[in-house]
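Asker: So here's protein_21.txt, just compact mmCIF, C-alpha atoms:
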# COMPACT_ATOMS: atom_id res chain seq x y z
CA MET A 12 0.00 0.00 0.00
CA LYS A 13 1.20 3.47 -0.81
CA LYS A 14 0.71 6.18 1.76
CA ILE A 15 -0.69 9.31 0.22
CA THR A 16 1.66 12.27 -0.12
CA ILE A 17 0.94 15.87 -0.89
CA LEU A 18 2.35 15.34 -4.37
CA THR A 19 0.00 12.41 -5.00
CA SER A 20 -2.89 14.46 -3.68
CA LEU A 21 -2.09 17.36 -5.96
CA LEU A 22 -1.94 15.10 -8.97
CA LEU A 23 -5.42 13.81 -8.13
CA ALA A 24 -6.83 17.22 -7.29
CA THR A 25 -8.50 19.73 -9.49
CA SER A 26 -8.57 22.35 -6.77
CA ALA A 27 -8.61 22.43 -2.99
CA SER A 28 -11.68 24.65 -3.23
CA PRO A 29 -15.14 23.06 -2.83
CA ALA A 30 -16.53 25.23 -5.62
CA PHE A 31 -18.05 23.44 -8.60
CA SER A 32 -16.53 23.65 -12.06
CA ASN A 33 -17.74 22.59 -15.47
CA GLU A 34 -14.85 20.16 -15.81
CA ARG A 35 -15.03 18.12 -12.62
CA ILE A 36 -17.56 17.11 -9.97
CA SER A 37 -16.20 15.11 -7.05
CA PHE A 38 -17.55 13.67 -3.83
CA LEU A 39 -17.02 11.21 -0.97
CA ALA A 40 -18.90 7.89 -0.87
CA PHE A 41 -19.06 5.97 2.40
CA GLY A 42 -21.47 3.57 4.03
CA ASP A 43 -22.23 1.56 7.16
CA GLY A 44 -20.63 4.15 9.38
CA GLY A 45 -23.11 4.16 12.27
CA TYR A 46 -21.43 1.71 14.61
CA HIS A 47 -19.76 2.20 18.00
CA PRO A 48 -19.26 -0.23 20.94
CA ASN A 49 -21.26 2.15 23.13
CA TYR A 50 -24.28 0.99 21.11
CA PRO A 51 -23.74 -2.79 20.91
CA LYS A 52 -25.97 -5.65 19.95
CA GLN A 53 -27.66 -6.74 23.14
CA LYS A 54 -26.42 -10.31 22.73
CA HIS A 55 -22.87 -9.05 23.23
CA LEU A 56 -23.93 -7.98 26.72
CA THR A 57 -26.44 -10.69 27.67
CA LYS A 58 -24.22 -13.47 26.29
CA PRO A 59 -20.79 -11.93 26.80
CA LYS A 60 -17.57 -13.31 25.33
CA THR A 61 -13.97 -12.66 26.24
CA LYS A 62 -11.61 -11.50 23.51
CA ALA A 63 -10.41 -15.06 22.89
CA GLU A 64 -13.98 -16.39 22.84
CA PHE A 65 -15.10 -13.62 20.48
CA ILE A 66 -12.34 -14.41 17.99
CA ALA A 67 -13.01 -18.15 18.31
CA ALA A 68 -16.69 -17.57 17.50
CA GLU A 69 -15.74 -15.50 14.46
CA LYS A 70 -13.46 -18.29 13.25
CA LYS A 71 -16.19 -20.89 13.82
CA ASP A 72 -18.65 -18.90 11.70
CA TRP A 73 -15.97 -18.43 9.04
CA LEU A 74 -15.39 -22.17 8.70
CA GLU A 75 -19.09 -23.01 8.81
CA GLU A 76 -19.53 -20.77 5.78
CA HIS A 77 -16.84 -22.76 3.93
CA ARG A 78 -14.38 -19.88 3.69
CA PRO A 79 -10.65 -20.65 3.32
CA ILE A 80 -9.02 -20.65 6.74
CA GLU A 81 -5.90 -19.00 5.33
CA GLU A 82 -8.01 -15.91 4.57
CA PHE A 83 -9.51 -15.67 8.07
CA GLY A 84 -9.30 -12.34 9.82
CA HIS A 85 -11.31 -10.23 12.20
CA ALA A 86 -11.91 -6.63 13.15
CA PRO A 87 -9.94 -5.06 15.99
CA ILE A 88 -11.43 -6.07 19.33
CA TYR A 89 -12.78 -3.65 21.92
CA VAL A 90 -12.91 -4.76 25.56
CA TYR A 91 -15.28 -2.79 27.79
CA PRO A 92 -13.37 -1.04 30.59
CA GLY A 93 -13.39 -2.89 33.89
CA THR A 94 -14.65 -6.10 32.27
CA GLU A 95 -13.51 -8.95 30.05
CA ILE A 96 -16.47 -8.46 27.70
CA ALA A 97 -15.34 -8.08 24.10
CA THR A 98 -16.94 -6.84 20.92
CA GLU A 99 -15.91 -5.46 17.54
CA ASP A 100 -14.20 -2.06 17.62
CA THR A 101 -15.23 0.81 15.35
CA GLY A 102 -13.36 2.64 12.64
CA ALA A 103 -15.91 5.46 12.28
CA ALA A 104 -13.80 8.23 13.82
CA SER A 105 -10.70 7.04 11.96
CA VAL A 106 -12.50 7.07 8.62
CA GLY A 107 -13.90 10.52 9.34
CA LYS A 108 -10.42 11.82 10.10
CA ALA A 109 -8.99 10.18 6.96
CA MET A 110 -11.71 11.75 4.80
CA ALA A 111 -10.93 15.16 6.28
CA THR A 112 -7.24 14.66 5.48
CA LEU A 113 -8.04 13.76 1.88
CA CYS A 114 -10.32 16.75 1.45
CA GLN A 115 -7.55 19.13 2.48
CA ASN A 116 -5.81 18.27 -0.78
CA VAL A 117 -8.46 17.15 -3.26
CA THR A 118 -11.88 18.58 -4.01
CA CYS A 119 -14.76 17.15 -1.97
CA GLN A 120 -17.85 19.05 -3.03
CA PHE A 121 -20.33 16.88 -1.10
CA GLY A 122 -20.75 13.36 0.27
CA ILE A 123 -23.11 10.44 -0.11
CA GLN A 124 -23.90 8.16 2.82
CA LEU A 125 -24.90 4.64 1.84
CA GLY A 126 -27.13 3.54 4.70
CA ASP A 127 -26.85 1.75 8.03
CA ASN A 128 -26.24 5.14 9.55
CA ILE A 129 -27.35 3.80 12.96
CA TYR A 130 -26.38 0.38 14.36
CA PRO A 131 -27.61 -2.02 15.43
CA ASP A 132 -31.33 -1.26 15.60
CA GLY A 133 -31.78 2.22 14.17
CA ALA A 134 -33.43 4.97 16.17
CA ASP A 135 -36.23 3.98 18.57
CA ALA A 136 -34.18 0.99 19.72
CA ASN A 137 -35.40 -0.61 22.92
CA ASP A 138 -32.20 0.03 24.87
CA GLY A 139 -33.12 2.97 27.09
CA LYS A 140 -30.77 5.36 25.29
CA ASP A 141 -31.65 8.83 24.06
CA ASP A 142 -32.18 8.89 20.29
CA GLN A 143 -30.92 12.44 19.76
CA LYS A 144 -27.67 11.55 21.50
CA ARG A 145 -27.55 8.28 19.55
CA MET A 146 -27.72 10.12 16.23
CA ASN A 147 -25.27 12.79 17.35
CA ASP A 148 -22.83 10.08 18.43
CA LEU A 149 -23.19 7.69 15.50
CA ILE A 150 -23.94 9.92 12.50
CA LEU A 151 -22.56 13.37 13.29
CA ALA A 152 -19.57 12.87 15.59
CA PRO A 153 -17.35 10.83 13.19
CA LEU A 154 -17.72 13.50 10.49
CA LYS A 155 -17.05 16.56 12.65
CA PRO A 156 -13.43 16.92 11.42
CA LEU A 157 -14.77 17.09 7.87
CA PHE A 158 -17.50 19.61 8.70
CA GLU A 159 -15.15 21.80 10.75
CA GLN A 160 -12.90 21.92 7.72
CA GLN A 161 -15.74 22.45 5.20
CA PRO A 162 -18.73 23.94 7.09
CA GLU A 163 -20.89 24.05 3.94
CA LEU A 164 -20.36 20.42 2.90
CA VAL A 165 -23.61 18.42 2.69
CA VAL A 166 -23.95 14.64 2.97
CA TYR A 167 -26.88 13.11 1.06
CA SER A 168 -27.96 10.05 3.02
CA ALA A 169 -29.71 6.79 2.16
CA LEU A 170 -31.43 4.35 4.51
CA GLY A 171 -30.16 0.84 5.23
CA ASN A 172 -31.60 -2.30 6.77
CA HIS A 173 -30.29 -1.42 10.25
CA ASP A 174 -31.93 2.00 10.02
CA TRP A 175 -35.21 0.13 9.47
CA LYS A 176 -34.50 -2.49 12.14
CA THR A 177 -36.81 -1.48 14.98
CA SER A 178 -39.77 0.48 13.62
CA ARG A 179 -41.09 3.00 11.13
CA LYS A 180 -40.92 5.48 13.99
CA GLY A 181 -37.16 4.91 14.04
CA VAL A 182 -36.91 5.78 10.35
CA ALA A 183 -39.02 8.91 10.92
CA LEU A 184 -36.82 9.95 13.84
CA GLN A 185 -33.74 9.73 11.65
CA THR A 186 -35.22 11.68 8.75
CA ALA A 187 -36.49 14.33 11.19
CA TRP A 188 -33.05 14.58 12.80
CA MET A 189 -31.40 15.02 9.41
CA ALA A 190 -33.89 17.73 8.46
CA LYS A 191 -32.50 19.83 11.32
CA GLN A 192 -28.83 19.22 10.44
CA PRO A 193 -27.22 21.73 8.05
CA ASN A 194 -24.71 19.12 6.88
CA PHE A 195 -27.16 16.28 6.09
CA HIS A 196 -30.02 15.73 3.70
CA MET A 197 -32.56 12.92 3.42
CA ASP A 198 -36.07 13.28 2.06
CA LYS A 199 -38.90 12.19 4.34
CA GLN A 200 -40.01 9.34 2.08
CA GLY A 201 -36.48 7.86 2.05
CA TYR A 202 -35.89 8.02 -1.71
CA TYR A 203 -35.22 11.17 -3.70
CA ARG A 204 -33.13 12.78 -6.43
CA PHE A 205 -30.76 15.73 -6.63
CA THR A 206 -28.51 17.30 -9.24
CA LYS A 207 -25.00 18.75 -9.05
CA GLY A 208 -23.06 20.74 -11.62
CA SER A 209 -24.08 23.06 -14.43
CA PRO A 210 -26.38 22.11 -17.33
CA GLY A 211 -24.51 20.10 -19.92
CA ASN A 212 -21.90 19.02 -17.40
CA ASP A 213 -24.19 17.92 -14.58
CA VAL A 214 -24.88 14.70 -12.68
CA GLU A 215 -28.24 13.62 -11.30
CA PHE A 216 -28.32 11.25 -8.35
CA PHE A 217 -31.20 8.88 -7.65
CA VAL A 218 -31.17 7.80 -4.00
CA LEU A 219 -33.01 4.54 -3.29
CA ASP A 220 -34.52 3.03 -0.17
CA THR A 221 -33.47 -0.50 -1.13
CA ASN A 222 -34.71 -1.97 2.14
CA MET A 223 -38.23 -0.91 1.18
CA LEU A 224 -37.78 -2.50 -2.26
CA LEU A 225 -36.53 -5.82 -0.86
CA SER A 226 -39.16 -5.90 1.89
CA GLY A 227 -41.83 -6.03 -0.78
CA GLN A 228 -40.41 -9.28 -2.19
CA HIS A 229 -40.69 -12.93 -1.17
CA TYR A 230 -37.32 -14.65 -1.37
CA TYR A 231 -35.13 -17.19 0.39
CA GLU A 232 -31.80 -17.20 2.17
CA ILE A 233 -29.87 -20.15 0.76
CA PRO A 234 -26.46 -21.19 2.11
CA LEU A 235 -23.60 -21.64 -0.31
CA ALA A 236 -22.29 -25.11 -1.13
CA LYS A 237 -18.92 -26.15 0.28
CA ASP A 238 -17.07 -24.96 -2.82
CA GLY A 239 -18.73 -21.55 -2.66
CA SER A 240 -21.21 -22.19 -5.46
CA GLU A 241 -24.86 -21.20 -5.16
CA GLN A 242 -27.36 -23.96 -4.54
CA GLY A 243 -30.64 -24.06 -6.42
CA LEU A 244 -33.77 -23.33 -4.42
CA ALA A 245 -35.22 -26.79 -4.99
CA THR A 246 -32.05 -28.45 -3.72
CA ALA A 247 -31.86 -26.21 -0.68
CA LEU A 248 -35.54 -26.81 0.13
CA ALA A 249 -35.03 -30.58 -0.18
CA LYS A 250 -32.15 -30.35 2.29
CA GLY A 251 -34.17 -28.16 4.64
CA GLN A 252 -31.61 -25.38 4.23
CA ALA A 253 -33.64 -22.64 2.54
CA GLU A 254 -35.23 -20.08 4.82
CA VAL A 255 -37.68 -17.38 3.79
CA GLU A 256 -36.15 -13.95 4.32
CA ASP A 257 -37.53 -12.60 7.60
CA ILE A 258 -39.37 -9.35 6.90
CA GLU A 259 -40.58 -7.57 10.03
CA LYS A 260 -44.19 -6.38 9.97
CA HIS A 261 -43.21 -2.71 10.10
CA GLU A 262 -40.94 -3.15 7.06
CA VAL A 263 -43.70 -4.40 4.74
CA PRO A 264 -44.42 -1.68 2.14
CA LEU A 265 -47.68 0.22 2.61
CA ASP A 266 -50.04 1.20 -0.21
CA GLY A 267 -47.65 -0.03 -2.89
CA GLU A 268 -44.87 2.34 -1.83
CA ASP A 269 -42.23 -0.07 -3.15
CA HIS A 270 -43.91 -0.16 -6.58
CA LYS A 271 -44.23 3.62 -6.56
CA GLN A 272 -40.50 3.89 -5.90
CA LEU A 273 -39.67 1.57 -8.80
CA ALA A 274 -41.92 3.55 -11.13
CA TRP A 275 -40.35 6.80 -9.88
CA LEU A 276 -36.87 5.46 -10.63
CA ALA A 277 -37.74 4.22 -14.12
CA LYS A 278 -39.45 7.46 -15.11
CA GLY A 279 -36.77 9.62 -13.54
CA LEU A 280 -33.88 7.87 -15.28
CA LYS A 281 -35.65 7.91 -18.62
CA THR A 282 -36.59 11.59 -18.50
CA SER A 283 -33.47 12.96 -16.80
CA LYS A 284 -31.68 15.62 -18.84
CA ALA A 285 -28.46 15.35 -16.82
CA LYS A 286 -25.26 14.34 -18.58
CA TRP A 287 -24.44 11.75 -15.91
CA LYS A 288 -26.93 9.62 -13.99
CA ILE A 289 -25.92 7.80 -10.79
CA VAL A 290 -28.09 5.53 -8.65
CA TYR A 291 -27.17 4.65 -5.10
CA GLY A 292 -28.70 2.76 -2.22
CA HIS A 293 -27.71 0.50 0.62
CA HIS A 294 -27.98 -3.01 -0.82
CA ILE A 295 -25.61 -4.53 -3.37
CA LEU A 296 -26.33 -5.86 -6.85
CA TRP A 297 -23.23 -8.08 -6.91
CA SER A 298 -20.58 -8.70 -4.25
CA ILE A 299 -18.15 -11.33 -3.02
CA GLY A 300 -18.95 -10.91 0.66
CA GLY A 301 -20.67 -14.29 0.76
CA THR A 302 -23.86 -13.48 2.65
CA LYS A 303 -25.75 -10.93 0.56
CA TYR A 304 -25.95 -12.66 -2.82
CA ASP A 305 -29.63 -13.65 -2.38
CA GLU A 306 -30.53 -9.98 -2.01
CA GLY A 307 -28.38 -9.19 -5.03
CA HIS A 308 -30.39 -11.60 -7.19
CA VAL A 309 -33.64 -9.91 -6.15
CA LEU A 310 -32.41 -6.34 -6.52
CA ARG A 311 -30.92 -7.03 -9.96
CA ARG A 312 -34.28 -8.32 -11.10
CA LEU A 313 -35.97 -5.16 -9.81
CA ILE A 314 -33.69 -2.40 -11.10
CA LEU A 315 -30.84 -3.68 -13.28
CA PRO A 316 -32.63 -3.26 -16.66
CA GLU A 317 -33.21 0.45 -15.97
CA LEU A 318 -29.66 0.94 -14.66
CA CYS A 319 -28.18 -0.76 -17.70
CA GLN A 320 -30.19 1.41 -20.07
CA TYR A 321 -29.79 4.81 -18.43
CA ALA A 322 -27.26 4.92 -15.55
CA ASP A 323 -23.51 5.47 -15.38
CA ALA A 324 -22.93 3.59 -12.11
CA TYR A 325 -24.58 2.06 -9.06
CA ILE A 326 -23.07 2.69 -5.62
CA ALA A 327 -23.86 0.62 -2.50
CA GLY A 328 -22.77 -0.24 1.02
CA HIS A 329 -24.11 -3.20 3.02
CA GLU A 330 -20.99 -5.33 2.60
CA HIS A 331 -18.45 -4.04 5.12
CA ASP A 332 -15.60 -3.93 2.64
CA LEU A 333 -14.47 -2.13 -0.50
CA GLU A 334 -15.27 -3.64 -3.88
CA LEU A 335 -15.39 -2.63 -7.52
CA LEU A 336 -17.30 -4.82 -9.97
CA THR A 337 -19.02 -4.44 -13.32
CA ASP A 338 -22.04 -5.95 -15.05
CA ASP A 339 -21.88 -5.90 -18.86
CA CYS A 340 -25.71 -5.90 -18.97
CA SER A 341 -25.78 -8.69 -21.57
CA ARG A 342 -28.42 -10.57 -19.58
CA VAL A 343 -30.89 -7.69 -19.69
CA SER A 344 -29.98 -5.61 -22.75
CA THR A 345 -28.71 -5.92 -26.31
CA ASP A 346 -27.28 -2.38 -26.30
CA LYS A 347 -23.53 -2.22 -26.83
CA LYS A 348 -22.76 0.15 -23.99
CA PRO A 349 -19.72 -0.11 -21.71
CA PRO A 350 -20.16 -2.27 -18.60
CA LEU A 351 -22.03 -0.77 -15.66
CA PRO A 352 -19.64 0.06 -12.75
CA LEU A 353 -20.77 -1.25 -9.36
CA ILE A 354 -19.02 0.49 -6.47
CA ILE A 355 -19.23 -0.89 -2.92
CA SER A 356 -18.04 1.36 -0.09
CA GLY A 357 -19.39 -0.10 3.14
CA ALA A 358 -16.32 -0.01 5.39
CA ALA A 359 -16.84 3.29 7.21
CA SER A 360 -16.99 1.74 10.70
CA LYS A 361 -17.17 -2.05 10.42
CA MET A 362 -15.14 -4.57 8.45
CA ARG A 363 -15.75 -8.00 6.98
CA GLY A 364 -13.99 -10.65 4.92
CA VAL A 365 -14.94 -11.97 1.51
CA HIS A 366 -15.87 -15.43 0.26
CA ARG A 367 -13.24 -16.47 -2.27
CA GLY A 368 -15.24 -19.55 -3.26
CA LEU A 369 -18.24 -17.40 -4.18
CA ALA A 370 -16.01 -14.98 -6.06
CA ASN A 371 -14.57 -17.81 -8.14
CA TYR A 372 -18.02 -19.31 -8.72
CA GLN A 373 -19.49 -16.03 -9.93
CA GLU A 374 -16.60 -15.52 -12.36
CA ARG A 375 -17.27 -18.99 -13.82
CA GLN A 376 -21.05 -18.87 -13.79
CA TYR A 377 -22.00 -15.36 -14.83
CA GLN A 378 -20.51 -14.03 -18.05
CA GLU A 379 -21.92 -10.56 -17.38
CA TYR A 380 -20.10 -10.22 -14.05
CA ASP A 381 -16.54 -9.07 -13.48
CA LEU A 382 -14.69 -8.44 -10.21
CA ILE A 383 -12.23 -5.61 -10.80
CA TRP A 384 -10.80 -5.08 -7.29
CA ASN A 385 -11.56 -5.59 -3.62
CA LYS A 386 -10.08 -5.13 -0.17
CA ALA A 387 -11.46 -6.92 2.87
CA PHE A 388 -10.88 -6.57 6.63
CA THR A 389 -10.29 -2.87 6.31
CA TRP A 390 -11.82 0.49 7.18
CA GLY A 391 -12.15 2.86 4.27
CA PHE A 392 -14.16 4.84 1.74
CA ALA A 393 -14.26 6.01 -1.88
CA HIS A 394 -13.72 9.35 -3.56
CA ILE A 395 -15.50 9.62 -6.92
CA GLU A 396 -15.06 12.18 -9.66
CA PHE A 397 -16.77 13.04 -12.93
CA ASP A 398 -14.22 14.43 -15.37
CA ASN A 399 -16.28 16.24 -18.00
CA GLN A 400 -13.20 17.16 -20.02
CA GLN A 401 -12.13 13.53 -20.45
CA ASP A 402 -15.72 12.20 -20.24
CA GLU A 403 -14.68 9.76 -17.54
CA LEU A 404 -15.88 8.52 -14.16
CA ASN A 405 -12.90 8.16 -11.79
CA VAL A 406 -13.11 6.00 -8.66
CA ASN A 407 -10.44 6.25 -5.95
CA PHE A 408 -10.35 3.95 -2.91
CA TYR A 409 -8.74 4.84 0.42
CA THR A 410 -8.25 2.99 3.70
CA THR A 411 -7.07 3.85 7.20
CA PRO A 412 -5.01 1.58 9.53
CA THR A 413 -6.46 -0.46 12.36
CA ASN A 414 -4.31 1.43 14.87
CA LYS A 415 -7.06 4.11 14.72
CA SER A 416 -4.59 6.85 13.82
CA GLY A 417 -6.85 8.13 11.05
CA GLU A 418 -3.92 8.06 8.66
CA LEU A 419 -4.91 8.18 5.00
CA VAL A 420 -3.73 5.34 2.76
CA LYS A 421 -4.30 5.44 -1.00
CA GLU A 422 -5.31 2.07 -2.40
CA LYS A 423 -6.36 2.00 -6.06
CA SER A 424 -7.77 4.27 -8.78
CA PHE A 425 -9.96 3.30 -11.73
CA SER A 426 -11.55 5.12 -14.66
CA PHE A 427 -14.69 4.34 -16.65
CA LYS A 428 -16.00 5.94 -19.81
CA HIS A 429 -19.29 7.79 -19.84
CA ARG A 430 -22.00 5.27 -20.74
CA SER A 431 -25.38 7.04 -20.52
CA LYS A 432 -24.99 9.18 -23.67
Would it be possible to restate this file's structure as structure tokens?

Answerer:
Amino acid sequence: MKKITILTSLLLATSASPAFSNERISFLAFGDGGYHPNYPKQKHLTKPKTKAEFIAAEKKDWLEEHRPIEEFGHAPIYVYPGTEIATEDTGAASVGKAMATLCQNVTCQFGIQLGDNIYPDGADANDGKDDQKRMNDLILAPLKPLFEQQPELVVYSALGNHDWKTSRKGVALQTAWMAKQPNFHMDKQGYYRFTKGSPGNDVEFFVLDTNMLLSGQHYYEIPLAKDGSEQGLATALAKGQAEVEDIEKHEVPLDGEDHKQLAWLAKGLKTSKAKWKIVYGHHILWSIGGTKYDEGHVLRRLILPELCQYADAYIAGHEHDLELLTDDCSRVSTDKKPPLPLIISGAASKMRGVHRGLANYQERQYQEYDLIWNKAFTWGFAHIEFDNQQDELNVNFYTTPTNKSGELVKEKSFSFKHRSK
């Protein structure tokens, strides 16, 4: 890994000023940042584990999922003061500091937040804690270095499955909190659109509530086979291994709101006059994480045809890693456009490994799919830029060390040609 230097930063930068230009539009993309040990899953307190027991349980789960033992890793461990109770540590403050460091040297005009802004149960969690403090601690506090540096910077947020975890009231509390924050934006209904840049060199963003979309579907969780391949539903049912995805009553769409969102997206993409069109939401379309592929199948069926026809990229979180993939759209379209970039940036506070067996299976099985790059067991984020002069979409990935220094580490950069002409 190459540590970023001022020279490298200047080569990547267009200007240190947040002002927009016709040539370039650039922003931060980060997801799954709302985690801190002060807000743990209750099972970590009611069924406590020591550090050794916590790591042993992680390894047990890893092997049960048929992942190669040589690739096993785990997040840094936090031990509650005065106890032996262990849980996963958070990288939220470190990522926030690293983003602020980057934005001292390259242009960061705004940010997009990819859901799971509050762990583990969203606002209105039944844990006796104040929700305003919860949101201040989990959403605002990690980004304070960035906002102190750029007081006018706005983060456009999406909802994730953990934001929906407890109740619709919890979702409403979060959207109401964001409405009062000068540095955050989220529409009340959870999905919305906004445009940046000047006409002719602009980008329109379509922000999805993917949890609402998936909650309107009936689908199964099916474990992978030992070699990482996907089992068919009939086989999994015969083995007693397929389980219907558990949708809580409060998550079920009301009055066709999931269908309305799909229609809104299709019409919006088709009629948009923006030069660039970007769709983002919490859930992935493809990934190699190993546990979200069932959701990917469903979400691709719901929105991939429209993305392939009109969009320039899809950005997601959900997997707690960094990934870059493409879909060539051959399964849903005969148009000869460049592949659709799929950017995953879900490592803003938590980290997770990948399933190499699934990655290899997907490369063999799906001709439309291509894994370009990934980094697991890391904290990090993406910086994305539209270069209107070169007509390119540039994606830059950054990480920060597990020592929680907040140091900025440059990983990889990639460029994609404009596809929604």

Asker: Step by step: start from the point (-6.5, 2.7, -13.3) in the file's coordinates, keep every protein, DNA or RNA residue that has an atom no farther than 10 Å from it, count all atoms listed in the file, and write the set as an NGL selection string.

Answerer: :A and (405-407 or 423-427)

Asker: If you keep C-alpha atoms, can you produce a file of those selected residues as a tab-separated table (two decimals), in the frame of the given file?

Answerer:
chain	number	residue	atom	x	y	z
A	405	ASN	CA	-12.90	8.16	-11.79
A	406	VAL	CA	-13.11	6.00	-8.66
A	407	ASN	CA	-10.44	6.25	-5.95
A	423	LYS	CA	-6.36	2.00	-6.06
A	424	SER	CA	-7.77	4.27	-8.78
A	425	PHE	CA	-9.96	3.30	-11.73
A	426	SER	CA	-11.55	5.12	-14.66
A	427	PHE	CA	-14.69	4.34	-16.65

Asker: Point out the residue among A:Ala183, A:Val365, A:Ile129, A:Val166 with the least atom-to-atom distance to A:Trp73, counting only C-alpha atoms.

Answerer: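 Comparing A:Ala183, A:Val365, A:Ile129, A:Val166 against A:Trp73, the winner is A:Val365.
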
Asker: Identify, on the basis of all atoms listed in the file, every residue whose closest approach to A:Ala109 does not exceed 6 Å; exclude the query and any residue fewer than 5 positions from it along the same chain; express the result as a tab-separated table (two decimals) with C-alpha atoms, keeping the file's coordinate frame.

Answerer:
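The result, stored in result-v9.tsv:
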chain	number	residue	atom	x	y	z
A	417	GLY	CA	-6.85	8.13	11.05
A	418	GLU	CA	-3.92	8.06	8.66
A	419	LEU	CA	-4.91	8.18	5.00

Asker: Excluding stretch 328-331 of chain A and any residue of its chain fewer than 4 positions from it, enumerate the residues within 7 Å of it, using only C-alpha atoms, and give them as a ChimeraX atom specification.

Answerer: /A:42-43,125-126,293-295,300,355-358,361-363

Asker: At what distance in Å, to one decimal, does atom CA of A:Lys288 lie from atom CA of A:Glu379?

Answerer: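 Between these atoms lies a distance of 21.1 Å.
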
Asker: Which residues are near A:Asp238? Cut-off 10 Å, all atoms listed in the file, ignore same chain within fewer than 3 positions. Put them as number ranges by chain.

Answerer: A: 76-79, 235, 241, 367-369, 371-372

Asker: Could you tell me which of A:Arg430, A:His308, A:Lys176, A:Lys415 comes closest to A:Leu351 if we count all atoms listed in the file?

Answerer: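 Closest residue, counting all atoms listed in the file: A:Arg430.
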
Asker: Smallest atom-to-atom distance to A:Glu163: which of A:Cys119, A:Ala134, A:Ala67, A:Leu219, using only C-alpha atoms?

Answerer: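 Ranked by minimum distance to A:Glu163, first place goes to A:Cys119.
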
Asker: Quick one: residues within 7 Å of stretch 200-217 of chain A, only C-alpha atoms counted, chain neighbours fewer than 4 positions away excluded, as a ChimeraX atom specification?

Answerer: /A:31,33,36,169-170,285-291,399

Asker: Taking C-alpha atoms for each residue, export the selection above as an mmCIF file, in the frame of the given file.

Answerer:
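Writing done, so here's selection-v8.cif:
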data_model
loop_
_atom_site.group_PDB
_atom_site.id
_atom_site.type_symbol
_atom_site.label_atom_id
_atom_site.label_comp_id
_atom_site.auth_asym_id
_atom_site.auth_seq_id
_atom_site.Cartn_x
_atom_site.Cartn_y
_atom_site.Cartn_z
ATOM 1 C CA PHE A 31 -18.050 23.440 -8.600
ATOM 2 C CA ASN A 33 -17.740 22.590 -15.470
ATOM 3 C CA ILE A 36 -17.560 17.110 -9.970
ATOM 4 C CA ALA A 169 -29.710 6.790 2.160
ATOM 5 C CA LEU A 170 -31.430 4.350 4.510
ATOM 6 C CA ALA A 285 -28.460 15.350 -16.820
ATOM 7 C CA LYS A 286 -25.260 14.340 -18.580
ATOM 8 C CA TRP A 287 -24.440 11.750 -15.910
ATOM 9 C CA LYS A 288 -26.930 9.620 -13.990
ATOM 10 C CA ILE A 289 -25.920 7.800 -10.790
ATOM 11 C CA VAL A 290 -28.090 5.530 -8.650
ATOM 12 C CA TYR A 291 -27.170 4.650 -5.100
ATOM 13 C CA ASN A 399 -16.280 16.240 -18.000
#

Asker: Go through A:Val218, A:His196, A:Gly133, A:Ala104 one by one, measure the shortest atom-to-atom distance of each to A:Val182 using all atoms listed in the file, and give the residue with the smallest value.

Answerer: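 Using all atoms listed in the file, A:Val182 sits closest to A:Gly133.
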
Asker: Using all atoms of stretch 267-281 of chain A that appear in the file, construct an axis-aligned enclosing box with 5 Å of padding on every side and provide its centre coordinates and edge lengths in Å, rounded to one decimal, as AutoDock Vina command-line options.

Answerer:
--center_x -40.8 --center_y 4.7 --center_z -10.2 --size_x 23.8 --size_y 19.8 --size_z 26.8

Asker: Counting only C-alpha atoms, figure out which residue out of A:Tyr130, A:Phe83, A:Trp384, A:Tyr91 gets nearest to A:Lys52.

Answerer: A:Tyr130

Asker: So how far away is atom CA of A:Gly45 from atom CA of A:Thr221, in Å?

Answerer: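 Going from atom CA of A:Thr221 over to atom CA of A:Gly45 covers 17.6 Å.
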
Asker: Have a look at A:Gln373, A:Asp141, A:Gln185, A:Gly102 and name the one nearest to A:Gly171; count all atoms listed in the file.

Answerer: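 Once distances to A:Gly171 are computed over all atoms listed in the file, the minimum belongs to A:Gln185.
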
Asker: What is the atom CA of A:Val309-atom CA of A:Thr186 distance in Å, reported with one decimal?

Answerer: 26.3 Å

Asker: I'd like the contact shell of A:Tyr230 - 9 Å cut-off, all atoms listed in the file, skipping same-chain residues fewer than 3 positions apart - returned as a compact mmCIF listing (two decimals) with C-alpha atoms, in the frame of the given file.

Answerer:
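File produced: out.txt:
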# COMPACT_ATOMS: atom_id res chain seq x y z
CA LEU A 225 -36.53 -5.82 -0.86
CA GLU A 254 -35.23 -20.08 4.82
CA VAL A 255 -37.68 -17.38 3.79
CA GLU A 256 -36.15 -13.95 4.32
CA ASP A 305 -29.63 -13.65 -2.38
CA GLU A 306 -30.53 -9.98 -2.01
CA VAL A 309 -33.64 -9.91 -6.15
